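So this one's structure-v7.cif, mmCIF, C-alpha atoms:
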data_model
loop_
_atom_site.label_atom_id
_atom_site.label_comp_id
_atom_site.auth_asym_id
_atom_site.auth_seq_id
_atom_site.Cartn_x
_atom_site.Cartn_y
_atom_site.Cartn_z
CA MET A 75 16.08 73.98 38.16
CA ALA A 76 18.71 76.26 36.61
CA ILE A 77 21.38 75.24 39.14
CA ARG A 78 20.77 71.56 38.40
CA SER A 79 21.12 72.19 34.62
CA VAL A 80 24.46 73.96 35.08
CA ALA A 81 25.63 71.08 37.23
CA SER A 82 24.61 68.52 34.57
CA ARG A 83 26.33 70.48 31.79
CA LYS A 84 29.55 70.61 33.84
CA THR A 85 29.29 66.89 34.61
CA LEU A 86 28.72 66.01 30.97
CA ALA A 87 31.65 68.20 29.91
CA GLY A 88 33.79 66.54 32.58
CA LEU A 89 32.83 63.07 31.35
CA LYS A 90 33.61 64.03 27.75
CA GLU A 91 37.03 65.36 28.71
CA THR A 92 37.88 62.24 30.71
CA SER A 93 36.86 59.87 27.95
CA SER A 94 38.89 61.88 25.42
CA ARG A 95 41.91 61.54 27.65
CA LEU A 96 41.29 57.82 28.07
CA LEU A 97 41.01 57.24 24.32
CA GLY A 98 43.97 59.42 23.39
CA LEU A 99 43.93 62.91 21.98
CA ARG A 100 43.09 61.50 18.56
CA SER A 101 42.65 57.93 17.43
CA ILE A 102 45.11 56.38 14.99
CA GLN A 103 43.88 54.39 12.07
CA THR A 104 45.03 50.80 12.13
CA PHE A 105 45.32 48.50 9.15
CA THR A 106 43.99 45.09 8.24
CA LEU A 107 45.19 42.42 5.86
CA PRO A 108 43.44 42.93 2.51
CA ASP A 109 41.80 39.87 0.96
CA LEU A 110 43.24 38.45 -2.22
CA PRO A 111 40.96 39.00 -5.24
CA TYR A 112 41.46 35.28 -6.19
CA ASP A 113 42.00 31.88 -4.56
CA TYR A 114 45.45 30.93 -3.30
CA SER A 115 45.79 28.26 -5.99
CA ALA A 116 44.51 30.47 -8.82
CA LEU A 117 47.98 31.55 -9.98
CA GLU A 118 49.27 28.00 -10.49
CA PRO A 119 51.46 26.76 -12.01
CA ALA A 120 53.36 30.06 -12.07
CA ILE A 121 53.12 30.55 -8.32
CA SER A 122 52.04 27.68 -6.10
CA GLY A 123 49.03 27.86 -3.80
CA GLU A 124 51.30 26.97 -0.88
CA ILE A 125 53.46 30.03 -1.49
CA MET A 126 50.45 32.32 -1.97
CA GLN A 127 48.91 31.20 1.30
CA ILE A 128 52.07 31.57 3.38
CA HIS A 129 53.03 34.80 1.63
CA HIS A 130 49.61 36.33 2.37
CA GLN A 131 48.70 34.82 5.75
CA LYS A 132 52.14 34.81 7.37
CA HIS A 133 54.38 37.39 5.73
CA HIS A 134 51.92 40.14 4.77
CA GLN A 135 49.92 39.59 7.96
CA ALA A 136 53.11 40.00 10.02
CA TYR A 137 53.85 43.31 8.32
CA VAL A 138 50.30 44.52 9.08
CA THR A 139 50.46 43.41 12.72
CA ASN A 140 53.89 44.92 13.31
CA TYR A 141 52.98 48.11 11.46
CA ASN A 142 49.93 48.58 13.71
CA ASN A 143 52.10 48.00 16.79
CA ALA A 144 54.66 50.51 15.59
CA LEU A 145 51.94 53.08 14.87
CA GLU A 146 50.50 52.66 18.37
CA GLN A 147 53.91 53.14 19.90
CA LEU A 148 54.45 56.15 17.63
CA ASP A 149 51.17 57.65 18.78
CA GLN A 150 52.19 57.30 22.40
CA ALA A 151 55.62 58.76 21.77
CA VAL A 152 54.16 61.71 19.85
CA ASN A 153 51.64 62.41 22.61
CA LYS A 154 54.35 62.28 25.25
CA GLY A 155 56.56 64.59 23.20
CA ASP A 156 59.23 61.85 23.17
CA ALA A 157 61.26 62.94 20.15
CA SER A 158 63.96 60.31 20.37
CA GLY A 159 61.29 57.64 20.85
CA VAL A 160 59.61 58.85 17.67
CA VAL A 161 62.85 58.73 15.70
CA LYS A 162 63.70 55.29 17.06
CA LEU A 163 60.46 53.89 15.64
CA GLN A 164 61.15 55.05 12.08
CA SER A 165 62.92 51.92 10.88
CA ALA A 166 60.15 49.63 12.14
CA ILE A 167 57.57 51.88 10.48
CA LYS A 168 59.48 51.97 7.20
CA PHE A 169 60.01 48.24 7.18
CA ASN A 170 56.56 47.08 8.23
CA GLY A 171 54.58 49.91 6.64
CA GLY A 172 56.57 49.42 3.46
CA GLY A 173 55.88 45.69 3.62
CA HIS A 174 52.15 46.38 3.88
CA VAL A 175 52.17 48.97 1.07
CA ASN A 176 54.24 46.82 -1.28
CA HIS A 177 52.32 43.59 -0.77
CA SER A 178 48.96 45.32 -1.14
CA ILE A 179 50.10 46.45 -4.59
CA PHE A 180 51.61 43.04 -5.39
CA TRP A 181 48.34 41.10 -4.95
CA LYS A 182 46.70 43.49 -7.45
CA ASN A 183 49.65 43.15 -9.80
CA LEU A 184 48.82 39.46 -10.22
CA ALA A 185 45.76 37.76 -11.70
CA PRO A 186 44.74 34.26 -12.72
CA VAL A 187 45.26 33.56 -16.41
CA LYS A 188 41.52 33.18 -16.95
CA GLU A 189 41.04 36.68 -15.57
CA GLY A 190 43.61 38.25 -17.86
CA GLY A 191 46.82 37.42 -16.01
CA GLY A 192 49.74 37.57 -18.44
CA GLU A 193 47.76 39.35 -21.17
CA PRO A 194 50.00 42.05 -22.67
CA PRO A 195 49.06 45.67 -21.97
CA LYS A 196 47.22 47.54 -24.69
CA GLY A 197 46.27 51.18 -25.04
CA ALA A 198 48.28 53.98 -23.48
CA LEU A 199 50.50 51.81 -21.26
CA GLY A 200 51.26 49.35 -24.07
CA TYR A 201 52.26 52.24 -26.30
CA ALA A 202 54.40 53.83 -23.59
CA ILE A 203 56.20 50.51 -22.95
CA ASP A 204 56.99 50.11 -26.64
CA THR A 205 58.22 53.70 -26.79
CA HIS A 206 60.46 53.50 -23.71
CA PHE A 207 61.67 49.89 -23.91
CA GLY A 208 61.21 48.91 -27.54
CA SER A 209 58.74 46.16 -26.72
CA LEU A 210 57.11 44.34 -23.83
CA GLU A 211 59.77 41.62 -24.20
CA GLY A 212 62.44 44.29 -23.80
CA LEU A 213 60.84 45.54 -20.60
CA VAL A 214 60.39 42.04 -19.19
CA LYS A 215 64.00 41.16 -20.00
CA LYS A 216 65.25 44.29 -18.21
CA MET A 217 63.09 43.79 -15.13
CA SER A 218 63.95 40.10 -14.88
CA ALA A 219 67.67 40.85 -15.16
CA GLU A 220 67.53 43.53 -12.47
CA GLY A 221 65.38 41.34 -10.25
CA ALA A 222 67.81 38.44 -10.58
CA ALA A 223 70.81 40.63 -9.85
CA LEU A 224 69.34 42.17 -6.71
CA GLN A 225 71.47 41.13 -3.73
CA GLY A 226 69.56 40.11 -0.63
CA SER A 227 65.90 41.06 -0.38
CA GLY A 228 63.89 43.62 -2.31
CA TRP A 229 61.61 44.44 -5.21
CA VAL A 230 61.93 45.24 -8.90
CA TRP A 231 59.51 47.86 -10.19
CA LEU A 232 58.02 49.34 -13.31
CA GLY A 233 57.12 52.87 -12.33
CA LEU A 234 55.80 56.06 -13.82
CA ASP A 235 57.75 59.22 -13.11
CA LYS A 236 54.88 61.71 -13.01
CA GLU A 237 57.15 64.73 -13.26
CA LEU A 238 59.33 63.57 -16.12
CA LYS A 239 56.37 61.78 -17.70
CA LYS A 240 58.28 58.60 -18.43
CA LEU A 241 58.35 54.96 -17.45
CA VAL A 242 61.24 53.75 -15.31
CA VAL A 243 62.55 50.41 -14.10
CA ASP A 244 64.10 50.47 -10.64
CA THR A 245 64.74 48.27 -7.63
CA THR A 246 64.27 48.87 -3.93
CA ALA A 247 65.92 47.08 -1.02
CA ASN A 248 64.06 45.20 1.68
CA GLN A 249 60.54 46.68 1.99
CA ASP A 250 61.35 50.18 0.79
CA PRO A 251 58.41 51.41 -1.31
CA LEU A 252 59.20 52.78 -4.77
CA VAL A 253 58.55 56.33 -3.59
CA THR A 254 61.78 56.13 -1.55
CA LYS A 255 63.65 56.18 -4.87
CA GLY A 256 61.90 59.38 -6.01
CA GLY A 257 58.94 61.34 -4.75
CA SER A 258 57.30 61.50 -8.16
CA LEU A 259 57.48 57.75 -8.82
CA VAL A 260 54.20 55.83 -9.00
CA PRO A 261 54.45 52.01 -8.87
CA LEU A 262 52.73 50.26 -11.79
CA VAL A 263 54.12 46.71 -11.43
CA GLY A 264 56.20 45.40 -8.54
CA ILE A 265 57.77 41.94 -8.45
CA ASP A 266 58.71 40.65 -5.00
CA VAL A 267 62.16 39.03 -5.14
CA TRP A 268 62.48 38.23 -1.45
CA GLU A 269 63.27 34.52 -1.20
CA HIS A 270 59.93 33.89 0.53
CA ALA A 271 58.19 34.89 -2.72
CA TYR A 272 59.51 31.85 -4.59
CA TYR A 273 61.68 29.55 -2.47
CA LEU A 274 59.26 26.70 -1.74
CA GLN A 275 58.67 26.24 -5.45
CA TYR A 276 61.76 27.50 -7.27
CA LYS A 277 64.35 27.09 -4.49
CA ASN A 278 67.51 29.03 -5.28
CA VAL A 279 66.62 29.47 -8.97
CA ARG A 280 65.26 33.01 -8.82
CA PRO A 281 65.62 33.52 -12.60
CA GLU A 282 63.15 30.66 -13.17
CA TYR A 283 60.60 32.37 -10.90
CA LEU A 284 61.14 35.61 -12.81
CA LYS A 285 60.59 33.82 -16.11
CA ASN A 286 57.26 32.43 -14.92
CA VAL A 287 55.80 35.29 -12.89
CA TRP A 288 55.07 37.29 -16.04
CA LYS A 289 52.46 34.68 -17.00
CA VAL A 290 50.27 36.00 -14.19
CA VAL A 291 51.05 39.71 -14.19
CA ASN A 292 47.88 41.78 -14.31
CA TRP A 293 48.59 44.42 -16.93
CA LYS A 294 44.96 45.64 -16.79
CA TYR A 295 45.53 46.95 -13.27
CA ALA A 296 48.84 48.55 -14.25
CA SER A 297 47.08 50.24 -17.19
CA GLU A 298 44.39 51.66 -14.92
CA VAL A 299 46.96 53.13 -12.54
CA TYR A 300 48.90 54.53 -15.49
CA LYS A 301 45.84 56.23 -17.00
CA GLU A 302 44.84 57.68 -13.64
CA CYS A 303 48.26 59.13 -12.91
CA LYS A 304 49.32 60.46 -16.29
CA MET B 146 88.61 25.13 12.70
CA ALA B 147 89.01 28.28 10.68
CA ALA B 148 90.23 31.43 12.32
CA SER B 149 89.25 34.60 10.56
CA SER B 150 92.24 34.80 8.25
CA ALA B 151 92.50 31.11 7.46
CA VAL B 152 89.37 31.06 5.27
CA THR B 153 90.71 29.91 1.99
CA ALA B 154 92.59 31.93 -0.60
CA ASP B 155 91.85 29.84 -3.62
CA TYR B 156 88.07 30.11 -3.65
CA VAL B 157 87.22 26.50 -2.99
CA LEU B 158 83.79 25.23 -2.01
CA LYS B 159 84.92 23.51 1.18
CA PRO B 160 82.42 20.91 2.47
CA PRO B 161 81.12 21.37 5.99
CA PRO B 162 83.12 19.47 8.66
CA TYR B 163 80.26 16.93 8.91
CA SER B 164 78.05 15.07 6.45
CA LEU B 165 75.06 16.87 4.97
CA ASP B 166 72.59 14.92 7.12
CA ALA B 167 74.61 15.15 10.34
CA LEU B 168 72.71 18.16 11.70
CA GLU B 169 69.31 16.49 11.49
CA PRO B 170 66.70 16.91 12.82
CA HIS B 171 67.71 20.49 13.58
CA MET B 172 68.83 21.36 10.06
CA SER B 173 67.76 18.98 7.34
CA ARG B 174 69.90 17.34 4.69
CA GLN B 175 67.65 18.99 2.10
CA THR B 176 68.56 22.41 3.48
CA LEU B 177 72.28 21.58 3.42
CA GLU B 178 71.98 20.26 -0.13
CA PHE B 179 70.48 23.53 -1.30
CA HIS B 180 72.19 25.95 1.05
CA TRP B 181 75.69 24.51 0.68
CA GLY B 182 75.27 22.67 -2.59
CA LYS B 183 73.56 25.48 -4.54
CA HIS B 184 73.74 28.85 -2.76
CA HIS B 185 77.27 28.62 -1.33
CA ARG B 186 78.54 26.90 -4.46
CA ALA B 187 77.12 29.70 -6.64
CA TYR B 188 78.92 32.38 -4.59
CA VAL B 189 82.23 30.55 -5.03
CA ASP B 190 81.72 29.88 -8.75
CA ASN B 191 80.56 33.42 -9.46
CA LEU B 192 83.45 34.89 -7.48
CA LYS B 193 85.94 32.92 -9.58
CA LYS B 194 84.35 34.23 -12.78
CA GLN B 195 84.28 37.77 -11.42
CA VAL B 196 87.94 38.05 -10.40
CA LEU B 197 89.34 36.26 -13.44
CA GLY B 198 91.46 38.73 -15.36
CA SER B 199 90.97 41.50 -12.82
CA GLU B 200 93.48 42.99 -10.39
CA LEU B 201 91.80 40.92 -7.66
CA GLU B 202 92.85 37.65 -9.29
CA GLY B 203 95.02 35.55 -6.98
CA LYS B 204 94.24 37.68 -3.93
CA THR B 205 92.98 36.05 -0.73
CA LEU B 206 89.31 36.12 0.14
CA ASP B 207 90.04 38.40 3.09
CA HIS B 208 91.88 40.82 0.83
CA ILE B 209 89.02 40.96 -1.66
CA ILE B 210 86.45 41.48 1.07
CA LEU B 211 88.39 44.28 2.76
CA ASN B 212 89.18 45.99 -0.54
CA THR B 213 85.72 45.88 -2.10
CA TYR B 214 83.66 46.92 0.93
CA ASN B 215 84.53 50.54 0.13
CA ASN B 216 82.84 51.92 3.27
CA GLY B 217 79.49 50.42 2.33
CA ASP B 218 79.49 51.63 -1.28
CA LEU B 219 80.12 48.06 -2.35
CA LEU B 220 82.36 47.25 -5.28
CA HIS B 221 81.49 44.48 -7.69
CA ALA B 222 83.12 41.41 -6.14
CA PHE B 223 82.13 42.13 -2.54
CA ASN B 224 78.88 40.17 -2.42
CA ASN B 225 80.27 36.92 -3.81
CA ALA B 226 83.52 37.12 -1.85
CA ALA B 227 81.87 37.98 1.47
CA GLN B 228 79.12 35.40 1.03
CA ALA B 229 81.69 32.70 0.18
CA TRP B 230 83.55 33.63 3.37
CA ASN B 231 80.39 33.92 5.50
CA HIS B 232 79.04 30.53 4.49
CA GLU B 233 82.26 28.62 5.15
CA PHE B 234 82.37 30.36 8.55
CA PHE B 235 78.71 29.43 9.15
CA TRP B 236 79.14 25.68 8.49
CA GLU B 237 82.10 25.66 10.87
CA SER B 238 80.05 27.53 13.50
CA MET B 239 77.83 24.47 13.86
CA LYS B 240 78.33 20.84 14.81
CA PRO B 241 76.17 17.77 15.43
CA GLY B 242 75.15 17.68 19.07
CA GLY B 243 76.08 21.33 19.51
CA GLY B 244 74.33 24.20 21.17
CA GLY B 245 73.59 25.01 24.80
CA LYS B 246 75.81 26.75 27.30
CA PRO B 247 79.60 26.82 26.87
CA SER B 248 81.96 26.27 29.79
CA GLY B 249 85.35 27.42 31.03
CA GLU B 250 87.00 30.54 29.69
CA LEU B 251 84.31 31.21 27.09
CA LEU B 252 81.50 31.11 29.66
CA ALA B 253 83.50 33.39 31.94
CA LEU B 254 83.95 35.91 29.14
CA LEU B 255 80.27 35.78 28.16
CA GLU B 256 79.38 36.39 31.81
CA ARG B 257 81.88 39.23 32.00
CA ASP B 258 80.66 41.02 28.87
CA PHE B 259 76.94 40.19 28.94
CA THR B 260 76.32 39.61 32.69
CA SER B 261 75.14 36.05 32.04
CA TYR B 262 74.85 33.43 29.30
CA GLU B 263 71.09 34.06 29.32
CA LYS B 264 71.59 37.77 28.62
CA PHE B 265 73.96 36.91 25.75
CA TYR B 266 71.38 34.41 24.45
CA ASP B 267 68.64 37.06 24.50
CA GLU B 268 70.84 39.64 22.79
CA PHE B 269 72.00 37.26 20.07
CA ASN B 270 68.45 36.06 19.58
CA ALA B 271 67.14 39.62 19.27
CA ALA B 272 69.84 40.58 16.77
CA ALA B 273 69.05 37.58 14.59
CA ALA B 274 65.30 38.16 14.83
CA THR B 275 65.40 41.88 14.07
CA GLN B 276 67.83 41.94 11.15
CA PHE B 277 65.33 43.21 8.56
CA GLY B 278 65.56 41.34 5.30
CA ALA B 279 68.62 39.26 4.52
CA GLY B 280 71.68 39.21 6.73
CA TRP B 281 73.61 37.65 9.60
CA ALA B 282 73.89 37.88 13.36
CA TRP B 283 77.31 37.54 15.01
CA LEU B 284 79.21 37.10 18.21
CA ALA B 285 82.36 39.14 17.64
CA TYR B 286 85.47 40.30 19.44
CA ALA B 287 86.92 43.81 19.42
CA ASP B 288 88.84 45.98 21.89
CA ASN B 289 89.21 43.01 24.19
CA LYS B 290 85.44 42.61 24.51
CA LEU B 291 82.80 40.24 23.19
CA LYS B 292 79.81 41.80 21.48
CA VAL B 293 76.74 40.86 19.45
CA MET B 294 76.34 42.39 15.98
CA LYS B 295 73.89 42.12 13.11
CA THR B 296 74.72 42.88 9.50
CA PRO B 297 72.70 43.18 6.27
CA ASN B 298 73.08 40.99 3.20
CA ALA B 299 76.76 40.01 2.83
CA VAL B 300 78.37 42.42 5.29
CA ASN B 301 80.47 40.82 8.05
CA PRO B 302 82.42 42.05 11.10
CA LEU B 303 85.77 41.92 9.24
CA VAL B 304 84.88 45.10 7.39
CA LEU B 305 83.65 46.69 10.61
CA GLY B 306 86.90 46.21 12.49
CA SER B 307 85.89 43.19 14.57
CA PHE B 308 86.88 39.51 14.72
CA PRO B 309 83.95 37.21 13.95
CA LEU B 310 83.55 34.34 16.44
CA LEU B 311 80.11 32.87 15.67
CA THR B 312 77.43 33.49 13.08
CA ILE B 313 73.89 32.56 12.16
CA ASP B 314 72.63 33.06 8.59
CA VAL B 315 69.22 34.76 8.63
CA TRP B 316 68.69 34.98 4.89
CA GLU B 317 65.35 33.26 4.26
CA HIS B 318 67.03 30.46 2.30
CA ALA B 319 68.74 29.38 5.55
CA TYR B 320 65.49 28.39 7.26
CA TYR B 321 62.67 28.51 4.78
CA LEU B 322 62.49 24.78 4.05
CA ASP B 323 62.86 23.56 7.65
CA PHE B 324 60.92 26.22 9.52
CA GLN B 325 57.98 26.71 7.21
CA GLN B 326 55.46 29.47 7.63
CA ASN B 327 58.10 32.11 8.22
CA ARG B 328 59.24 30.79 11.61
CA ARG B 329 62.59 32.55 11.91
CA PRO B 330 62.35 32.71 15.76
CA ASP B 331 62.11 28.89 15.98
CA TYR B 332 65.13 28.54 13.69
CA ILE B 333 67.21 30.86 15.87
CA LYS B 334 66.24 28.96 19.03
CA THR B 335 67.12 25.64 17.42
CA PHE B 336 70.49 27.03 16.32
CA MET B 337 71.28 28.29 19.84
CA ASN B 338 70.06 25.17 21.63
CA ASN B 339 71.23 22.45 19.26
CA LEU B 340 73.81 23.56 16.71
CA VAL B 341 76.38 26.09 17.97
CA SER B 342 79.96 24.75 18.05
CA TRP B 343 81.52 26.42 21.08
CA GLU B 344 84.80 24.65 20.24
CA ALA B 345 84.95 26.61 17.00
CA VAL B 346 84.14 29.82 18.87
CA SER B 347 86.90 29.13 21.42
CA SER B 348 89.58 28.48 18.85
CA ARG B 349 88.56 31.58 16.90
CA LEU B 350 88.73 33.63 20.09
CA HIS B 351 92.28 32.41 20.74
CA ALA B 352 93.28 33.35 17.21
CA ALA B 353 91.60 36.75 17.58
CA LYS B 354 93.42 37.47 20.85
CA ALA B 355 96.73 36.39 19.35
CA ALA B 356 96.14 38.58 16.31
CA SER B 357 95.26 41.67 18.38
CA SER B 358 98.19 41.30 20.75
CA SER B 359 100.64 40.84 17.89
CA SER B 360 99.40 44.02 16.24
CA ALA B 361 99.42 45.97 19.54
#
Give the structure from this file in structure tokens form.
Amino acid sequence: MAIRSVASRKTLAGLKETSSRLLGLRSIQTFTLPDLPYDYSALEPAISGEIMQIHHQKHHQAYVTNYNNALEQLDQAVNKGDASGVVKLQSAIKFNGGGHVNHSIFWKNLAPVKEGGGEPPKGALGYAIDTHFGSLEGLVKKMSAEGAALQGSGWVWLGLDKELKKLVVDTTANQDPLVTKGGSLVPLVGIDVWEHAYYLQYKNVRPEYLKNVWKVVNWKYASEVYKECK
Amino acid sequence: MAASSAVTADYVLKPPPYSLDALEPHMSRQTLEFHWGKHHRAYVDNLKKQVLGSELEGKTLDHIILNTYNNGDLLHAFNNAAQAWNHEFFWESMKPGGGGKPSGELLALLERDFTSYEKFYDEFNAAAATQFGAGWAWLAYADNKLKVMKTPNAVNPLVLGSFPLLTIDVWEHAYYLDFQQNRRPDYIKTFMNNLVSWEAVSSRLHAAKAASSSSA
């Protein structure tokens, strides 16, 4: 009896070890495309349903898919101790991971008009905007100007610098998240100025897109993030 | 056909060497109307405004590009100047009924420096597909060798010490209307198979060789 028990314990332990090795030393978490909290056409006429669908289902989905691939390759390289392989993957991780991070924020930064999109911020954030930029119009003017002037692809942000306790406007290139501009920066509102964000509707006239996008910016969400992080 | 230094000095919006619908169905007239008629035109117009009254006024496009690149810490006029140059070079890199495999000396050189046309095709394709964000992919010539390069935004091989021979614009505005749903790979394939002007590449290569031997 006893001998058989020892044998079974060894066998079970052996099975457990093998399956651990088969599954990898630890499992990596993969990501999925988040759903939009509104219909594709709900932001019209500011942003067309066609753009929203392609932006979400093609662009954001591609970032998620490629980010997951890069993470899997990273996991393998880490497990093998392949340092140069790990380093080589960093740009794909930054680009695709950044794309996933930024777009996940962006969908929450927008809301249909009937759900408060475009409604000016009140409370603490509204007060902070007036203090730092004079008025909401002043902030919008500054962000639109910087967004229009951005060469190539990128984002324009309203952020909170948690350390300095002030609001900042900044831009990032390509899919760099705001945190790459400063470790204490928290994104409150990001506006995507990649051409794919507006081209089908506004063509080359990025300033026109920037004029209209504010009609669907979800200041309620930005206020919540601001209150949480202050 | 423009060699690298012949791209114009007086900041003119030169029309492509074919009508705006001549590249259909591979590149639509609508794309040309926006891409040449709006985007390229804006770079030229904005460049003129930018250099007016500055020490760059009256200088050639090449001069402005080389003097505002500033090792990547771009000075003010770089983007408009380089994009004006890049787009004129791009239109002249294409022709109706273009694309496919070149022949003669050019094919021999591609085979010498890439092993085969197919290997060159794959490398050029990969460069164009993996340029993150806005930018360009190039066939270029330096140190007596052909090579594939990719550059971000407005950067071009001139500022990196190489002679440009061929380019594809991979800013989204270049393909977003014709290859909807974010199909950059299909756009690149169409460019390679149906649009490349190997005559332009050949004449640029001759100019590049002449320029390097005269400075040797």
Give me the residues of chain A that have any atom at most 7 Å from an atom of chain B; for each, the nearest atom pair and the distance in Å, rounded to one decimal. Use all atoms listed in the file, sort by chain and number, and format it as a tab-separated table.
residue	atom	partner	partner_atom	distance
A:Ile128	CA	B:Gln326	CA	5.8
A:Lys132	CA	B:Gln326	CA	6.3
A:His133	CA	B:Asn327	CA	6.9
A:Gly226	CA	B:Asn298	CA	5.3
A:Ser227	CA	B:Gly278	CA	5.7
A:Asn248	CA	B:Gly278	CA	5.5
A:Glu269	CA	B:Glu317	CA	6.0
A:His270	CA	B:Glu317	CA	6.6
A:Leu274	CA	B:Leu322	CA	6.9
A:Asn278	CA	B:His184	CA	6.7
**Message:** Since I can't run it myself right now, could you work out what the PyMOL selection byres ((chain A and resi 218) around 12) selects here and report it as JSON, numbers by chain?
**Reply:** {"A": [211, 212, 213, 214, 215, 216, 217, 219, 220, 221, 222, 223, 224, 229, 230, 231, 232, 243, 244, 245, 264, 265, 266, 267, 280, 281, 282, 283, 284, 285, 286, 287, 288]}
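Near Gln150 (chain A), within 12 Å and counting all atoms listed in the file, sit Leu97, Gly98, Leu99, Arg100, Ser101, Ile102, Asn143, Ala144, Leu145, Glu146, Gln147, Leu148, Val152, Asn153, Lys154, Gly155, Asp156, Ala157, Gly159, Val160 and Leu163 of chain A, not including residues fewer than 2 positions from it in the same chain.
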**Message:** Under the PyMOL selection byres ((chain B and resi 282) around 9), which residues of this model are included? Write them out as a VMD selection string.
**Reply:** chain B and resid 269 to 270 272 to 274 276 280 to 281 283 to 284 293 to 297 301 311 to 315
**Ala222 (chain B) environment, 8 Å, only C-alpha atoms, sequence neighbours closer than 5 positions dropped, as a ChimeraX atom specification** = /B:192,195-196,209-210,213
Can those selected residues be exported to a file as a PDB file, in the coordinates of the input so that it contains C-alpha atoms?
ATOM      1  CA  LEU B 192      83.450  34.890  -7.480  1.00  0.00           C
ATOM      2  CA  GLN B 195      84.280  37.770 -11.420  1.00  0.00           C
ATOM      3  CA  VAL B 196      87.940  38.050 -10.400  1.00  0.00           C
ATOM      4  CA  ILE B 209      89.020  40.960  -1.660  1.00  0.00           C
ATOM      5  CA  ILE B 210      86.450  41.480   1.070  1.00  0.00           C
ATOM      6  CA  THR B 213      85.720  45.880  -2.100  1.00  0.00           C
TER       7      THR B 213
END
**Prompt:** Could you state the separation of CA of Glu256 (chain B) and CA of His232 (chain B) in Å, given to one decimal place?
**Reply:**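 According to the coordinates, CA of Glu256 (chain B) and CA of His232 (chain B) are separated by 27.9 Å.
Distance-wise, CA of Glu193 (chain A) and CA of Tyr112 (chain A) end up 16.8 Å apart.
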**Message:** I'd like the contact shell of Ser238 (chain B) - 7 Å cut-off, only C-alpha atoms, skipping same-chain residues fewer than 3 positions apart - returned as a PyMOL selection string.
**Reply:** chain B and resi 234-235+311-312+341-342+345
Could you dump the residues just selected with C-alpha atoms as a short mmCIF file (atom, residue, chain, number, x, y, z; two decimals), keeping the file's coordinate frame?
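The resulting part-v7.cif:
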data_model
loop_
_atom_site.label_atom_id
_atom_site.label_comp_id
_atom_site.auth_asym_id
_atom_site.auth_seq_id
_atom_site.Cartn_x
_atom_site.Cartn_y
_atom_site.Cartn_z
CA PHE B 234 82.37 30.36 8.55
CA PHE B 235 78.71 29.43 9.15
CA LEU B 311 80.11 32.87 15.67
CA THR B 312 77.43 33.49 13.08
CA VAL B 341 76.38 26.09 17.97
CA SER B 342 79.96 24.75 18.05
CA ALA B 345 84.95 26.61 17.00
#
Applied to this file, what does the PyMOL selection byres ((chain B and resi 201) around 12) return in terms of residues, put as a CSV table (one decimal) with C-alpha atoms, keeping the file's coordinate frame?
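Okay, this is what ended up in expr.csv:
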chain,number,residue,atom,x,y,z
B,154,ALA,CA,92.6,31.9,-0.6
B,155,ASP,CA,91.8,29.8,-3.6
B,192,LEU,CA,83.4,34.9,-7.5
B,193,LYS,CA,85.9,32.9,-9.6
B,194,LYS,CA,84.4,34.2,-12.8
B,195,GLN,CA,84.3,37.8,-11.4
B,196,VAL,CA,87.9,38.0,-10.4
B,197,LEU,CA,89.3,36.3,-13.4
B,198,GLY,CA,91.5,38.7,-15.4
B,199,SER,CA,91.0,41.5,-12.8
B,200,GLU,CA,93.5,43.0,-10.4
B,202,GLU,CA,92.8,37.6,-9.3
B,203,GLY,CA,95.0,35.6,-7.0
B,204,LYS,CA,94.2,37.7,-3.9
B,205,THR,CA,93.0,36.0,-0.7
B,206,LEU,CA,89.3,36.1,0.1
B,207,ASP,CA,90.0,38.4,3.1
B,208,HIS,CA,91.9,40.8,0.8
B,209,ILE,CA,89.0,41.0,-1.7
B,210,ILE,CA,86.4,41.5,1.1
B,211,LEU,CA,88.4,44.3,2.8
B,212,ASN,CA,89.2,46.0,-0.5
B,213,THR,CA,85.7,45.9,-2.1
B,220,LEU,CA,82.4,47.2,-5.3
B,221,HIS,CA,81.5,44.5,-7.7
B,222,ALA,CA,83.1,41.4,-6.1
B,223,PHE,CA,82.1,42.1,-2.5
B,226,ALA,CA,83.5,37.1,-1.8
Within-8 Å shell of (57.6, 54.3, -19.7) in input frame, all atoms listed in the file, as a PDB file with C-alpha atoms, in the coordinates of the input:
ATOM      1  CA  LEU A 199      50.500  51.810 -21.260  1.00  0.00           C
ATOM      2  CA  ALA A 202      54.400  53.830 -23.590  1.00  0.00           C
ATOM      3  CA  ILE A 203      56.200  50.510 -22.950  1.00  0.00           C
ATOM      4  CA  THR A 205      58.220  53.700 -26.790  1.00  0.00           C
ATOM      5  CA  HIS A 206      60.460  53.500 -23.710  1.00  0.00           C
ATOM      6  CA  PHE A 207      61.670  49.890 -23.910  1.00  0.00           C
ATOM      7  CA  GLY A 233      57.120  52.870 -12.330  1.00  0.00           C
ATOM      8  CA  LEU A 234      55.800  56.060 -13.820  1.00  0.00           C
ATOM      9  CA  LYS A 239      56.370  61.780 -17.700  1.00  0.00           C
ATOM     10  CA  LYS A 240      58.280  58.600 -18.430  1.00  0.00           C
ATOM     11  CA  LEU A 241      58.350  54.960 -17.450  1.00  0.00           C
ATOM     12  CA  VAL A 242      61.240  53.750 -15.310  1.00  0.00           C
TER      13      VAL A 242
END
